[in-house]
Amino acid sequence: MIVSRSPGRRYVLDANAVIAFFEGRQPAAGRVRKLLAEADRSNLPLWMSAVNWGEVYYIEWRRYGEAKAQQAEVNLHRLPIVVIAADLERATRAATLKQRHNLGYADSFAAELAIERAASLVTADPEFSRLGRMLSLFPLPRPEQ
């Protein structure tokens, strides 16, 4: 399912969306690339939690080494993505989502940010459906296992 971005629509990126983009995993990478291009054209950046960015960084390091993780960070700074810090209030709200909906810890930060910003969460993770109507999703295809 391809969802087109309407003017003013907001998006939060989950770690798996950014990893798919960096690694060129199709068709998810193409869908994220379109969102990035539209964000650049419309001057409406995409958002990502610092916790989810940390997840991207350590996964890139674990899979490909420290130099690849550092290159991913350089690439991030070139993209229309704003990384949002995790302060005490955000951490408390994320922890509440984690407990109530049995999410992974990092995932709870992505969900919290999307809910707080009234944005759609760009993700391939089906576990976010546990939040029902309280969370808008922009679903990406799951990577082949």
# chains A, B, ... in the order shown; residues from 1 in each chain; ligands from 1
call {"tool": "select_by_dssp", "arguments": {"residues": "segment 11-138 of chain A", "states": "helix (DSSP H, G or I)", "output": "NGL selection string"}}
result
:A and (15-23 or 28-42 or 50-64 or 66-77 or 88-101 or 105-116 or 126-134)
call {"tool": "residues_around", "arguments": {"residues": "segment 132-145 of chain A", "least_positions_apart": "6", "cutoff": "8 Å", "atoms": "only C-alpha atoms", "output": "list in words"}}
result
Met1, Val3, Ala17, Arg25, Pro27, Ala28, Arg31, Ala111, Ala114, Ile115, Ala119, Ser120, Leu121, Val122, Thr123, Ala124 and Asp125 of chain A
call {"tool": "select_by_dssp", "arguments": {"residues": "segment 2-136 of chain A", "states": "strand (DSSP E or B)", "output": "ChimeraX atom specification"}}
result
/A:11-13,46-49,81-84,120-123,136
call {"tool": "residues_around", "arguments": {"residues": "segment 88-98 of chain A", "least_positions_apart": "6", "cutoff": "7 Å", "atoms": "only C-alpha atoms", "output": "PyMOL selection string"}}
result
chain A and resi 104-105+108-109+112
call {"tool": "write_last_selection", "arguments": {"atoms": "C-alpha atoms", "output": "tab-separated table (two decimals), in the first residue's frame"}}
result
chain	number	residue	atom	x	y	z
A	104	GLY	CA	9.78	-2.58	22.91
A	105	TYR	CA	11.49	0.23	24.82
A	108	SER	CA	7.71	3.24	22.69
A	109	PHE	CA	9.70	6.42	21.99
A	112	GLU	CA	5.17	8.57	21.84
call {"tool": "residues_around", "arguments": {"residues": "Pro45 of chain A", "least_positions_apart": "3", "cutoff": "8 Å", "atoms": "only C-alpha atoms", "output": "list in words"}}
result
Leu36, Ala39, Asp40, Pro80, Ile81 and Val82 of chain A
call {"tool": "atom_distance", "arguments": {"atom1": "atom CA of Glu38 of chain A", "atom2": "atom CA of Arg78 of chain A"}}
result
14.6 Å
call {"tool": "closest_residue", "arguments": {"among": "A:Leu79, A:Leu103, A:Leu131, A:Pro126", "to": "Trp47 of chain A", "atoms": "only C-alpha atoms"}}
result
A:Leu79
call {"tool": "decode", "arguments": {"residues": "segment 18-56 of chain A", "atoms": "C-alpha atoms", "output": "PDB file, in the first residue's frame"}}
result
ATOM      1  CA  VAL A  18      15.862   4.665   8.447  1.00  0.00           C
ATOM      2  CA  ILE A  19      17.821   1.410   8.330  1.00  0.00           C
ATOM      3  CA  ALA A  20      15.847   0.280   5.274  1.00  0.00           C
ATOM      4  CA  PHE A  21      16.655   3.603   3.598  1.00  0.00           C
ATOM      5  CA  PHE A  22      20.375   3.519   4.461  1.00  0.00           C
ATOM      6  CA  GLU A  23      20.683  -0.102   3.348  1.00  0.00           C
ATOM      7  CA  GLY A  24      18.636   0.371   0.176  1.00  0.00           C
ATOM      8  CA  ARG A  25      16.108  -2.338   1.080  1.00  0.00           C
ATOM      9  CA  GLN A  26      13.338  -2.094  -1.499  1.00  0.00           C
ATOM     10  CA  PRO A  27      10.512  -1.300  -1.636  1.00  0.00           C
ATOM     11  CA  ALA A  28      10.697   0.318   1.828  1.00  0.00           C
ATOM     12  CA  ALA A  29      13.769   2.406   0.911  1.00  0.00           C
ATOM     13  CA  GLY A  30      11.944   3.891  -2.065  1.00  0.00           C
ATOM     14  CA  ARG A  31       8.961   4.853   0.058  1.00  0.00           C
ATOM     15  CA  VAL A  32      11.179   6.503   2.659  1.00  0.00           C
ATOM     16  CA  ARG A  33      13.111   8.262  -0.140  1.00  0.00           C
ATOM     17  CA  LYS A  34       9.806   9.729  -1.416  1.00  0.00           C
ATOM     18  CA  LEU A  35       8.917  10.997   2.055  1.00  0.00           C
ATOM     19  CA  LEU A  36      12.375  12.566   2.393  1.00  0.00           C
ATOM     20  CA  ALA A  37      12.083  14.250  -1.014  1.00  0.00           C
ATOM     21  CA  GLU A  38       8.647  15.611  -0.150  1.00  0.00           C
ATOM     22  CA  ALA A  39       9.909  16.812   3.229  1.00  0.00           C
ATOM     23  CA  ASP A  40      12.732  18.629   1.493  1.00  0.00           C
ATOM     24  CA  ARG A  41      10.411  20.219  -1.100  1.00  0.00           C
ATOM     25  CA  SER A  42       7.764  21.245   1.424  1.00  0.00           C
ATOM     26  CA  ASN A  43      10.221  22.363   4.103  1.00  0.00           C
ATOM     27  CA  LEU A  44       8.384  20.092   6.571  1.00  0.00           C
ATOM     28  CA  PRO A  45      11.064  17.856   8.107  1.00  0.00           C
ATOM     29  CA  LEU A  46      10.475  14.338   9.278  1.00  0.00           C
ATOM     30  CA  TRP A  47      10.996  13.608  12.971  1.00  0.00           C
ATOM     31  CA  MET A  48      12.825  10.862  14.789  1.00  0.00           C
ATOM     32  CA  SER A  49      13.394  10.210  18.475  1.00  0.00           C
ATOM     33  CA  ALA A  50      17.004  10.346  19.657  1.00  0.00           C
ATOM     34  CA  VAL A  51      16.411   6.914  21.191  1.00  0.00           C
ATOM     35  CA  ASN A  52      15.482   5.515  17.769  1.00  0.00           C
ATOM     36  CA  TRP A  53      18.475   7.243  16.201  1.00  0.00           C
ATOM     37  CA  GLY A  54      20.666   5.485  18.779  1.00  0.00           C
ATOM     38  CA  GLU A  55      19.067   2.215  17.705  1.00  0.00           C
ATOM     39  CA  VAL A  56      19.988   2.893  14.046  1.00  0.00           C
TER      40      VAL A  56
END
